[in-house]
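Engineer: Sharing start06.csv, CSV, C-alpha atoms:
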```
chain,number,residue,atom,x,y,z
F,1129,MET,CA,16.8,2.1,-13.7
F,1130,ASP,CA,13.2,1.2,-13.1
F,1131,ILE,CA,11.8,-2.2,-14.0
F,1132,PRO,CA,8.4,-1.4,-15.3
F,1133,ALA,CA,6.0,-4.2,-14.6
F,1134,HIS,CA,3.5,-3.5,-17.4
F,1135,HIS,CA,1.1,-6.0,-15.8
F,1136,SER,CA,1.7,-5.0,-12.2
F,1137,LEU,CA,4.3,-7.6,-11.1
F,1138,MET,CA,2.3,-10.1,-13.1
F,1139,ALA,CA,5.0,-12.7,-12.4
F,1140,LEU,CA,4.5,-12.3,-8.7
F,1141,PHE,CA,0.9,-13.2,-8.6
F,1142,GLY,CA,0.1,-15.2,-11.7
F,1143,ALA,CA,-0.4,-13.4,-15.0
F,1144,ARG,CA,1.0,-15.2,-18.1
F,1145,PRO,CA,4.5,-14.1,-19.3
F,1146,HIS,CA,5.0,-13.1,-22.9
F,1147,SER,CA,6.1,-15.8,-25.3
F,1148,THR,CA,9.1,-13.8,-26.3
F,1149,ALA,CA,10.7,-14.1,-22.8
F,1150,ALA,CA,13.6,-16.2,-24.0
F,1151,ALA,CA,14.4,-13.8,-26.9
F,1152,ASP,CA,14.3,-10.8,-24.6
F,1153,ALA,CA,16.5,-12.5,-22.1
F,1154,ALA,CA,19.1,-13.2,-24.8
F,1155,ALA,CA,18.9,-9.6,-26.0
F,1156,ASN,CA,18.9,-7.9,-22.7
F,1157,GLY,CA,20.5,-10.3,-20.2
F,1158,PHE,CA,17.6,-10.0,-17.8
F,1159,THR,CA,13.9,-10.1,-17.9
F,1160,LEU,CA,10.9,-9.5,-15.7
F,1161,ALA,CA,8.6,-12.3,-16.8
F,1162,GLY,CA,9.4,-11.7,-20.4
F,1163,LEU,CA,9.4,-7.8,-20.2
F,1164,LYS,CA,12.5,-5.9,-21.4
F,1165,LEU,CA,14.2,-3.7,-18.9
F,1166,LYS,CA,13.9,-0.1,-19.9
F,1167,ASN,CA,15.8,2.9,-18.6
F,1168,SER,CA,12.9,5.1,-17.6
F,1169,ASN,CA,12.2,7.5,-14.8
F,1170,MET,CA,8.5,7.0,-15.1
F,1171,ALA,CA,6.7,4.0,-13.7
F,1172,THR,CA,4.5,2.2,-16.2
F,1173,ARG,CA,0.8,2.2,-15.2
F,1174,SER,CA,-0.1,-1.4,-14.3
F,1175,LYS,CA,-3.0,-3.2,-15.8
F,1176,PRO,CA,-5.2,-5.1,-13.3
F,1177,ALA,CA,-5.9,-8.7,-14.1
F,1178,PRO,CA,-9.3,-9.0,-15.8
F,1179,GLN,CA,-12.0,-10.4,-13.5
F,1180,PRO,CA,-14.9,-12.4,-15.1
F,1181,ALA,CA,-18.4,-11.1,-14.5
F,1182,ASP,CA,-19.6,-14.5,-13.3
F,1183,ALA,CA,-16.7,-15.2,-10.8
F,1184,LYS,CA,-17.8,-17.5,-8.1
F,1185,PRO,CA,-17.8,-16.4,-4.4
F,1186,ALA,CA,-15.7,-18.0,-1.8
F,1187,LYS,CA,-16.4,-21.6,-1.1
F,1188,GLY,CA,-18.9,-22.2,1.7
F,1189,VAL,CA,-20.6,-18.7,1.3
F,1190,ARG,CA,-24.0,-18.7,-0.2
F,1191,VAL,CA,-24.6,-15.7,-2.4
F,1192,ARG,CA,-27.9,-15.3,-4.3
F,1193,PRO,CA,-27.4,-14.0,-7.8
F,1194,VAL,CA,-28.2,-10.4,-8.4
F,1195,PRO,CA,-27.6,-9.9,-12.1
F,1196,ALA,CA,-27.9,-6.1,-12.1
F,1197,VAL,CA,-25.2,-5.8,-9.4
F,1198,THR,CA,-22.9,-8.3,-11.1
F,1199,ARG,CA,-23.3,-6.6,-14.5
F,1200,SER,CA,-22.6,-3.2,-12.9
F,1201,ILE,CA,-19.4,-4.4,-11.3
F,1202,ALA,CA,-18.3,-6.0,-14.6
F,1203,ILE,CA,-18.9,-2.7,-16.4
F,1204,LEU,CA,-16.8,-0.8,-13.9
F,1205,ARG,CA,-14.0,-3.3,-14.1
F,1206,LEU,CA,-14.1,-3.2,-17.9
F,1207,LEU,CA,-13.9,0.6,-18.0
F,1208,GLY,CA,-11.1,0.5,-15.5
F,1209,GLU,CA,-9.0,-1.9,-17.7
F,1210,HIS,CA,-9.2,0.4,-20.7
F,1211,LYS,CA,-7.3,3.6,-20.9
F,1212,GLN,CA,-9.7,5.0,-23.6
F,1213,PRO,CA,-13.4,5.6,-23.1
F,1214,LEU,CA,-15.7,2.9,-24.6
F,1215,THR,CA,-18.9,3.1,-26.6
F,1216,LEU,CA,-22.1,1.4,-25.5
F,1217,LYS,CA,-21.7,-1.1,-28.2
F,1218,ALA,CA,-18.1,-1.9,-27.1
F,1219,VAL,CA,-19.2,-2.4,-23.5
F,1220,ALA,CA,-22.1,-4.6,-24.4
F,1221,GLU,CA,-20.2,-6.8,-26.8
F,1222,ALA,CA,-17.2,-7.2,-24.4
F,1223,LEU,CA,-19.5,-8.4,-21.6
F,1224,HIS,CA,-22.1,-10.2,-23.7
F,1225,LEU,CA,-24.9,-7.9,-22.5
F,1226,VAL,CA,-28.1,-6.9,-24.3
F,1227,PRO,CA,-27.4,-3.3,-25.4
F,1228,SER,CA,-30.6,-1.9,-23.9
F,1229,THR,CA,-29.8,-3.6,-20.5
F,1230,CYS,CA,-26.3,-2.3,-20.7
F,1231,LEU,CA,-27.6,1.2,-21.4
F,1232,HIS,CA,-29.9,1.3,-18.4
F,1233,ILE,CA,-27.1,0.2,-16.1
F,1234,LEU,CA,-24.7,2.8,-17.6
F,1235,ARG,CA,-27.3,5.5,-17.0
F,1236,VAL,CA,-27.5,4.6,-13.3
F,1237,LEU,CA,-23.7,4.6,-13.0
F,1238,VAL,CA,-23.5,8.0,-14.7
F,1239,ALA,CA,-26.2,9.4,-12.3
F,1240,GLU,CA,-24.1,8.2,-9.4
F,1241,ASP,CA,-20.9,9.8,-10.8
F,1242,LEU,CA,-19.2,6.4,-11.0
F,1243,VAL,CA,-19.1,6.7,-14.8
F,1244,THR,CA,-19.0,9.7,-17.1
F,1245,LEU,CA,-20.5,10.1,-20.6
F,1246,ASP,CA,-19.0,12.3,-23.2
F,1247,PRO,CA,-22.0,13.8,-25.0
F,1248,ALA,CA,-20.0,14.5,-28.1
F,1249,THR,CA,-18.5,11.0,-28.6
F,1250,LYS,CA,-21.1,9.0,-26.7
F,1251,ARG,CA,-18.2,7.2,-24.9
F,1252,TYR,CA,-18.1,6.1,-21.3
F,1253,ALA,CA,-15.3,6.2,-18.8
F,1254,LEU,CA,-14.8,5.8,-15.0
F,1255,GLY,CA,-16.1,8.9,-13.1
F,1256,THR,CA,-14.7,10.8,-10.2
F,1257,GLY,CA,-17.1,9.1,-7.8
F,1258,MET,CA,-14.7,6.1,-8.0
F,1259,ILE,CA,-11.9,8.2,-6.5
F,1260,SER,CA,-13.9,9.0,-3.3
F,1261,LEU,CA,-14.8,5.3,-2.9
F,1262,ALA,CA,-11.2,4.3,-3.3
F,1263,ARG,CA,-10.0,7.0,-0.9
F,1264,SER,CA,-12.5,5.7,1.7
F,1265,VAL,CA,-11.0,2.3,1.5
F,1266,LEU,CA,-7.4,3.4,1.6
F,1267,GLU,CA,-7.9,6.0,4.4
F,1268,GLY,CA,-10.3,3.9,6.4
F,1269,GLY,CA,-7.7,2.6,8.8
F,1270,GLY,CA,-6.9,-1.0,9.5
F,1271,PHE,CA,-4.3,-2.9,7.6
F,1272,THR,CA,-3.6,-0.2,4.9
F,1273,GLN,CA,-2.6,2.5,7.3
F,1274,LEU,CA,-0.8,0.2,9.7
F,1275,VAL,CA,1.3,-1.5,7.0
F,1276,GLN,CA,2.6,1.7,5.2
F,1277,PRO,CA,5.3,2.6,7.8
F,1278,VAL,CA,6.4,-1.0,7.9
F,1279,LEU,CA,6.8,-1.1,4.1
F,1280,ASP,CA,8.7,2.2,4.2
F,1281,ARG,CA,11.1,0.7,6.7
F,1282,LEU,CA,11.7,-2.4,4.8
F,1283,ALA,CA,12.3,-0.6,1.5
F,1284,ALA,CA,14.7,1.8,3.1
F,1285,GLN,CA,16.7,-0.8,5.1
F,1286,PHE,CA,17.0,-3.5,2.4
F,1287,GLY,CA,16.7,-1.6,-0.9
F,1288,VAL,CA,13.6,-3.6,-2.0
F,1289,THR,CA,10.1,-3.0,-3.3
F,1290,ALA,CA,7.8,-3.8,-0.4
F,1291,MET,CA,4.1,-4.4,-0.6
F,1292,GLY,CA,1.1,-5.1,1.7
F,1293,VAL,CA,-1.4,-7.3,-0.1
F,1294,GLU,CA,-4.8,-8.7,0.7
F,1295,ILE,CA,-6.2,-12.1,-0.2
F,1296,THR,CA,-9.7,-11.3,-1.2
F,1297,ALA,CA,-12.9,-13.4,-0.8
F,1298,ARG,CA,-12.7,-14.0,-4.6
F,1299,GLN,CA,-9.4,-15.8,-4.1
F,1300,THR,CA,-7.4,-13.1,-5.8
F,1301,VAL,CA,-4.5,-11.0,-4.4
F,1302,MET,CA,-4.7,-7.2,-4.3
F,1303,VAL,CA,-2.0,-4.7,-3.6
F,1304,LEU,CA,-3.2,-2.3,-0.9
F,1305,ALA,CA,0.0,-0.4,-0.2
F,1306,LEU,CA,3.6,-0.3,-1.4
F,1307,SER,CA,6.9,1.4,-0.9
F,1308,ARG,CA,9.8,1.6,-3.3
F,1309,SER,CA,13.5,1.9,-2.4
F,1310,SER,CA,15.8,4.6,-3.6
F,1311,GLN,CA,18.1,2.1,-5.3
F,1312,PRO,CA,18.9,2.4,-9.0
F,1313,PHE,CA,17.0,-0.8,-9.7
F,1314,ARG,CA,13.4,-0.9,-8.6
F,1315,VAL,CA,10.3,-2.9,-9.4
F,1316,HIS,CA,7.1,-1.0,-10.1
F,1317,THR,CA,3.5,-1.9,-9.5
F,1318,ASP,CA,0.3,0.0,-8.6
F,1319,VAL,CA,-1.9,0.1,-5.6
F,1320,GLY,CA,-5.2,-1.6,-6.5
F,1321,SER,CA,-3.6,-4.1,-8.9
F,1322,GLN,CA,-5.2,-7.5,-8.6
F,1323,PHE,CA,-3.8,-11.0,-9.5
F,1324,GLU,CA,-4.5,-14.7,-9.3
F,1325,THR,CA,-3.2,-16.6,-6.3
F,1326,LEU,CA,-1.0,-19.7,-5.8
F,1327,VAL,CA,2.1,-18.4,-7.4
F,1328,SER,CA,5.5,-17.2,-6.2
F,1329,ALA,CA,6.1,-16.6,-2.5
F,1330,THR,CA,2.6,-15.4,-1.8
F,1331,GLY,CA,1.2,-18.5,-3.4
F,1332,ARG,CA,3.3,-20.7,-1.2
F,1333,LEU,CA,1.8,-18.9,1.9
F,1334,ILE,CA,-1.7,-19.4,0.6
F,1335,ALA,CA,-1.1,-23.1,-0.1
F,1336,ALA,CA,0.5,-23.5,3.4
F,1337,TYR,CA,-2.4,-21.8,5.3
F,1338,SER,CA,-5.4,-22.3,3.1
F,1339,GLY,CA,-6.4,-25.7,4.6
F,1340,GLU,CA,-6.9,-27.1,1.2
F,1341,THR,CA,-6.0,-30.8,0.5
F,1342,TRP,CA,-2.9,-31.7,-1.5
F,1343,PRO,CA,-5.0,-33.1,-4.4
F,1344,VAL,CA,-6.8,-29.8,-4.7
F,1345,LEU,CA,-3.5,-27.9,-4.5
F,1346,LYS,CA,-1.9,-30.2,-7.0
F,1347,GLU,CA,-4.7,-29.5,-9.5
F,1348,LYS,CA,-4.3,-25.7,-9.1
F,1349,PHE,CA,-0.5,-26.0,-9.3
F,1350,ALA,CA,-0.8,-27.6,-12.7
F,1351,HIS,CA,-2.3,-24.4,-14.1
F,1352,VAL,CA,0.4,-22.0,-12.8
F,1353,VAL,CA,2.7,-20.5,-15.4
F,1354,TRP,CA,6.3,-20.2,-14.4
F,1355,ASP,CA,9.5,-18.8,-15.9
F,1356,LYS,CA,11.5,-21.6,-14.4
F,1357,ALA,CA,8.9,-24.1,-13.0
F,1358,PRO,CA,9.7,-26.2,-10.0
F,1359,THR,CA,8.4,-29.7,-10.0
F,1360,TYR,CA,5.3,-30.3,-8.0
F,1361,THR,CA,7.3,-32.4,-5.5
F,1362,THR,CA,9.8,-29.6,-5.0
F,1363,TRP,CA,7.0,-27.0,-4.7
F,1364,LYS,CA,5.2,-29.2,-2.1
F,1365,LYS,CA,8.3,-29.5,0.0
F,1366,GLU,CA,8.7,-25.7,-0.2
F,1367,VAL,CA,5.1,-25.2,0.9
F,1368,GLU,CA,5.7,-27.6,3.9
F,1369,LEU,CA,8.9,-25.7,4.7
F,1370,THR,CA,6.9,-22.4,4.5
F,1371,ARG,CA,4.4,-23.8,7.0
F,1372,SER,CA,7.1,-24.9,9.5
F,1373,ARG,CA,9.2,-21.7,9.4
F,1374,GLY,CA,6.5,-19.1,8.9
F,1375,TRP,CA,7.8,-17.4,5.7
F,1376,SER,CA,8.1,-18.2,2.0
F,1377,LEU,CA,10.7,-17.7,-0.7
F,1378,ASP,CA,10.6,-17.7,-4.5
F,1379,ARG,CA,14.0,-17.4,-6.1
F,1380,ASP,CA,14.0,-17.2,-9.9
F,1381,ASN,CA,11.0,-19.6,-10.3
F,1382,PHE,CA,8.4,-17.3,-11.7
F,1383,MET,CA,10.6,-14.3,-12.6
F,1384,ALA,CA,14.1,-14.8,-13.8
F,1385,GLY,CA,16.6,-12.8,-11.7
F,1386,ILE,CA,14.0,-11.8,-9.1
F,1387,THR,CA,13.7,-13.1,-5.5
F,1388,VAL,CA,10.5,-12.7,-3.6
F,1389,VAL,CA,10.0,-13.1,0.2
F,1390,ALA,CA,6.6,-13.1,1.8
F,1391,VAL,CA,5.3,-13.5,5.4
F,1392,PRO,CA,1.7,-14.0,6.7
F,1393,VAL,CA,-0.3,-11.4,8.6
F,1394,PHE,CA,-3.1,-13.2,10.5
F,1395,ALA,CA,-6.6,-11.9,11.2
F,1396,PRO,CA,-8.7,-12.9,14.1
F,1397,GLY,CA,-9.3,-16.6,14.2
F,1398,GLY,CA,-5.9,-17.3,12.6
F,1399,ARG,CA,-7.1,-16.5,9.1
F,1400,LEU,CA,-4.6,-15.6,6.4
F,1401,VAL,CA,-6.0,-12.4,4.9
F,1402,HIS,CA,-2.9,-10.2,4.4
F,1403,THR,CA,0.8,-10.7,3.6
F,1404,LEU,CA,3.9,-8.7,3.6
F,1405,VAL,CA,5.9,-9.1,0.3
F,1406,VAL,CA,9.3,-7.8,-0.7
F,1407,VAL,CA,10.8,-8.1,-4.2
F,1408,GLY,CA,14.4,-7.6,-5.1
F,1409,LEU,CA,17.1,-8.6,-7.6
F,1410,SER,CA,18.4,-12.1,-6.9
F,1411,SER,CA,22.0,-10.9,-7.4
F,1412,GLN,CA,21.5,-8.6,-4.4
F,1413,MET,CA,19.6,-11.0,-2.2
F,1414,GLY,CA,21.9,-13.8,-1.1
F,1415,ALA,CA,21.0,-16.4,1.6
F,1416,ALA,CA,22.2,-14.3,4.5
F,1417,VAL,CA,20.3,-11.2,3.3
F,1418,VAL,CA,17.1,-13.3,2.8
F,1419,GLN,CA,17.4,-14.8,6.2
F,1420,GLN,CA,17.8,-11.4,7.9
F,1421,LEU,CA,15.0,-9.9,5.8
F,1422,ALA,CA,12.7,-12.7,6.7
F,1423,GLN,CA,13.4,-12.3,10.4
F,1424,VAL,CA,12.7,-8.6,10.3
F,1425,MET,CA,9.5,-9.2,8.3
F,1426,GLN,CA,8.3,-11.8,10.7
F,1427,ARG,CA,8.7,-9.4,13.6
F,1428,GLU,CA,6.8,-6.7,11.7
F,1429,ALA,CA,4.1,-9.1,10.7
F,1430,ALA,CA,3.6,-10.4,14.2
F,1431,GLU,CA,3.0,-6.8,15.5
F,1432,LEU,CA,0.6,-6.2,12.6
F,1433,SER,CA,-1.3,-9.3,13.4
F,1434,ARG,CA,-1.5,-8.3,17.1
F,1435,LEU,CA,-2.8,-4.8,16.2
F,1436,LEU,CA,-5.4,-6.3,13.9
F,1437,GLY,CA,-6.6,-8.7,16.6
F,1438,GLY,CA,-5.0,-11.8,15.0
F,1439,SER,CA,-2.4,-14.2,16.4
```
In structure tokens, what does this structure look like?

Structural biologist:
Amino acid sequence: MDIPAHHSLMALFGARPHSTAAADAAANGFTLAGLKLKNSNMATRSKPAPQPADAKPAKGVRVRPVPAVTRSIAILRLLGEHKQPLTLKAVAEALHLVPSTCLHILRVLVAEDLVTLDPATKRYALGTGMISLARSVLEGGGFTQLVQPVLDRLAAQFGVTAMGVEITARQTVMVLALSRSSQPFRVHTDVGSQFETLVSATGRLIAAYSGETWPVLKEKFAHVVWDKAPTYTTWKKEVELTRSRGWSLDRDNFMAGITVVAVPVFAPGGRLVHTLVVVGLSSQMGAAVVQQLAQVMQREAAELSRLLGGS
């Protein structure tokens, strides 16, 4: 039985669970952030978290506004979030753009094969040029290629879903690589899915190594949506424990019945840029299993950090 994460493990990285979570739990006995378990052999395509067109760059980095670039990226993200092609009017209204400006940008994107236009319906969709760009990223070496055999080993040895993620400059978390176990119960997500930070096990790592002050972290913590929310005091202690032992744990806090373990992978200068994440059913991940898993993940992460030039 697959556990289809319709919003790409939204509970792992911060998307809001459905308001019917309690009802689904009562009806099915188990939920994934409010989503019913379905007996399906096909993974549900994940929906990346929407990114605002005016998102701010990382703190301390001065980036001069380039409206045409920002709008182009916003258009590509919008088209990527919709399964069906969109009209010029729909794109312009969704992004609050002047239709003529939107049209000129779309024409350039079409000319570069990043967007396609159906002459019959006058609707726009992502083009094949996006595939070559994505392939260049995924096959360009570095973390993505190094982490895949690690994920395969973790998934096979412990019967978990294993992921390699990146913490982006925009302070979001993106899945770069993953491996699924052959167990009857699996959690599905998609490579390329993007999420907000500071939630679940990965969020505890980010809080532990970000260097942000506790008042700042407390304010961010207040906006996190949980299935079973810990108190801020408890969460703070868990973040401190994460910093001291070098790995983090989320058991049933954000996703009922799901345990998440994450370890940091450091880049040069000791920066936290990537993490190893495993997800499994809490019923199958007792304290002894989690401890063993964390130790194996730490060894793998240490080697990845060394290969990437980190510490």

Engineer: Select, from F:Leu1400, F:Val1243, F:Cys1230, F:Ala1430, the residue with the minimum atom-to-atom distance to Val1278 of chain F, counting all atoms listed in the file.

Structural biologist: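 Between F:Leu1400, F:Val1243, F:Cys1230, F:Ala1430, the residue approaching Val1278 of chain F most closely is F:Ala1430.
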
Engineer: Mind pulling up the distance from atom CA of Met1413 of chain F to atom CA of Thr1387 of chain F?

Structural biologist: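 Computed distance, atom CA of Thr1387 of chain F to atom CA of Met1413 of chain F, equals 7.1 Å.
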
Engineer: Within 6 Å of segment 1288-1305 of chain F, counting all atoms listed in the file, which residues qualify if same-chain residues fewer than 6 places away don't, as a list in words?

Structural biologist: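 Contacts, with the query itself left out: Pro1185, Ala1186, Leu1279, Val1319, Gly1320, Ser1321, Gln1322, Phe1323, Glu1324, Thr1325, Val1401, His1402, Thr1403, Leu1404, Val1405, Val1406, Val1407 and Gly1408 of chain F.
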
Engineer: Find, counting only C-alpha atoms, the residue in F:Ala1390, F:Leu1237, F:Met1383, F:Leu1333 that gets nearest to Trp1363 of chain F.

Structural biologist: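 Of all the options, F:Leu1333 lies closest to Trp1363 of chain F.
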
Engineer: To one decimal in Å, tell me the separation between atom CA of Trp1342 of chain F and atom CA of Phe1382 of chain F.

Structural biologist: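 Atom-to-atom, atom CA of Trp1342 of chain F and atom CA of Phe1382 of chain F are spaced 21.0 Å apart.
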
Engineer: Neighbours of segment 1247-1251 of chain F within 10 Å (all atoms listed in the file; same-chain residues fewer than 5 positions away dropped), as JSON, numbers by chain?

Structural biologist: {"F": [1212, 1213, 1214, 1215, 1216, 1217, 1218, 1219]}

Engineer: For the residues in that selection, give me C-alpha atoms as a PDB file, in the frame of the given file.

Structural biologist:
```pdb
ATOM      1  CA  GLN F1212      -9.700   5.000 -23.600  1.00  0.00           C
ATOM      2  CA  PRO F1213     -13.400   5.600 -23.100  1.00  0.00           C
ATOM      3  CA  LEU F1214     -15.700   2.900 -24.600  1.00  0.00           C
ATOM      4  CA  THR F1215     -18.900   3.100 -26.600  1.00  0.00           C
ATOM      5  CA  LEU F1216     -22.100   1.400 -25.500  1.00  0.00           C
ATOM      6  CA  LYS F1217     -21.700  -1.100 -28.200  1.00  0.00           C
ATOM      7  CA  ALA F1218     -18.100  -1.900 -27.100  1.00  0.00           C
ATOM      8  CA  VAL F1219     -19.200  -2.400 -23.500  1.00  0.00           C
TER       9      VAL F1219
END
```

Engineer: Go through F:Ala1253, F:Val1238, F:Arg1332, F:Val1194 one by one, measure the shortest atom-to-atom distance of each to Gly1208 of chain F using only C-alpha atoms, and give the residue with the smallest value.

Structural biologist: F:Ala1253

Engineer: Just want the 7 Å neighbourhood of segment 1370-1380 of chain F, counted on only C-alpha atoms, with same-chain residues fewer than 2 positions away dropped. Output as a ChimeraX atom specification.

Structural biologist: /F:1328-1329,1332-1333,1336,1356,1366-1368,1382-1391,1410,1422

Engineer: Please report the interatomic distance between atom CA of Val1226 of chain F and atom CA of Ala1262 of chain F in Å with one decimal.

Structural biologist: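 Atom-to-atom, atom CA of Val1226 of chain F and atom CA of Ala1262 of chain F are spaced 29.2 Å apart.
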
Engineer: From the options F:Ala1357, F:Ala1222, F:Leu1436, F:Leu1326, which residue's atoms come nearest to Val1344 of chain F, counting only C-alpha atoms?

Structural biologist: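 Residue with the minimum atom-to-atom distance to Val1344 of chain F: F:Leu1326.
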
Engineer: Starting from the incomplete input, reconstruct all heavy atoms of segment 1408-1416 of chain F and report them as a PDB file, in the coordinates of the input.

Structural biologist:
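Everything below was put into part.pdb:
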```pdb
ATOM      1  N   GLY F1408      13.142  -8.155  -4.837  1.00  0.00           N
ATOM      2  CA  GLY F1408      14.400  -7.600  -5.100  1.00  0.00           C
ATOM      3  C   GLY F1408      15.198  -8.417  -6.154  1.00  0.00           C
ATOM      4  O   GLY F1408      14.772  -9.521  -6.519  1.00  0.00           O
ATOM      5  N   LEU F1409      16.313  -7.900  -6.616  1.00  0.00           N
ATOM      6  CA  LEU F1409      17.100  -8.600  -7.600  1.00  0.00           C
ATOM      7  C   LEU F1409      17.835  -9.784  -6.863  1.00  0.00           C
ATOM      8  O   LEU F1409      18.411  -9.616  -5.788  1.00  0.00           O
ATOM      9  CB  LEU F1409      18.180  -7.699  -8.184  1.00  0.00           C
ATOM     10  CG  LEU F1409      17.659  -6.510  -9.002  1.00  0.00           C
ATOM     11  CD1 LEU F1409      18.832  -5.676  -9.512  1.00  0.00           C
ATOM     12  CD2 LEU F1409      16.803  -6.989 -10.156  1.00  0.00           C
ATOM     13  N   SER F1410      17.800 -10.949  -7.463  1.00  0.00           N
ATOM     14  CA  SER F1410      18.400 -12.100  -6.900  1.00  0.00           C
ATOM     15  C   SER F1410      19.913 -11.919  -6.623  1.00  0.00           C
ATOM     16  O   SER F1410      20.479 -12.427  -5.649  1.00  0.00           O
ATOM     17  CB  SER F1410      18.205 -13.354  -7.762  1.00  0.00           C
ATOM     18  OG  SER F1410      16.838 -13.683  -7.849  1.00  0.00           O
ATOM     19  N   SER F1411      20.558 -11.169  -7.498  1.00  0.00           N
ATOM     20  CA  SER F1411      22.000 -10.900  -7.400  1.00  0.00           C
ATOM     21  C   SER F1411      22.319 -10.123  -6.098  1.00  0.00           C
ATOM     22  O   SER F1411      23.455 -10.129  -5.626  1.00  0.00           O
ATOM     23  CB  SER F1411      22.520 -10.175  -8.593  1.00  0.00           C
ATOM     24  OG  SER F1411      21.855  -8.926  -8.745  1.00  0.00           O
ATOM     25  N   GLN F1412      21.330  -9.420  -5.551  1.00  0.00           N
ATOM     26  CA  GLN F1412      21.500  -8.600  -4.400  1.00  0.00           C
ATOM     27  C   GLN F1412      20.908  -9.222  -3.120  1.00  0.00           C
ATOM     28  O   GLN F1412      20.942  -8.625  -2.043  1.00  0.00           O
ATOM     29  CB  GLN F1412      20.973  -7.205  -4.592  1.00  0.00           C
ATOM     30  CG  GLN F1412      21.647  -6.465  -5.735  1.00  0.00           C
ATOM     31  CD  GLN F1412      21.027  -5.100  -5.989  1.00  0.00           C
ATOM     32  OE1 GLN F1412      20.100  -4.678  -5.310  1.00  0.00           O
ATOM     33  NE2 GLN F1412      21.548  -4.397  -6.991  1.00  0.00           N
ATOM     34  N   MET F1413      20.311 -10.393  -3.278  1.00  0.00           N
ATOM     35  CA  MET F1413      19.600 -11.000  -2.200  1.00  0.00           C
ATOM     36  C   MET F1413      20.123 -12.435  -1.944  1.00  0.00           C
ATOM     37  O   MET F1413      19.470 -13.420  -2.293  1.00  0.00           O
ATOM     38  CB  MET F1413      18.096 -11.005  -2.383  1.00  0.00           C
ATOM     39  CG  MET F1413      17.505  -9.602  -2.424  1.00  0.00           C
ATOM     40  SD  MET F1413      15.718  -9.577  -2.654  1.00  0.00           S
ATOM     41  CE  MET F1413      15.150 -10.276  -1.090  1.00  0.00           C
ATOM     42  N   GLY F1414      21.342 -12.523  -1.375  1.00  0.00           N
ATOM     43  CA  GLY F1414      21.900 -13.800  -1.100  1.00  0.00           C
ATOM     44  C   GLY F1414      21.212 -14.447   0.143  1.00  0.00           C
ATOM     45  O   GLY F1414      20.306 -13.859   0.748  1.00  0.00           O
ATOM     46  N   ALA F1415      21.650 -15.650   0.512  1.00  0.00           N
ATOM     47  CA  ALA F1415      21.000 -16.400   1.600  1.00  0.00           C
ATOM     48  C   ALA F1415      21.010 -15.630   2.908  1.00  0.00           C
ATOM     49  O   ALA F1415      20.009 -15.621   3.638  1.00  0.00           O
ATOM     50  CB  ALA F1415      21.676 -17.752   1.747  1.00  0.00           C
ATOM     51  N   ALA F1416      22.125 -14.984   3.236  1.00  0.00           N
ATOM     52  CA  ALA F1416      22.200 -14.300   4.500  1.00  0.00           C
ATOM     53  C   ALA F1416      21.272 -13.069   4.540  1.00  0.00           C
ATOM     54  O   ALA F1416      20.620 -12.804   5.555  1.00  0.00           O
ATOM     55  CB  ALA F1416      23.660 -13.782   4.718  1.00  0.00           C
TER      56      ALA F1416
END
```
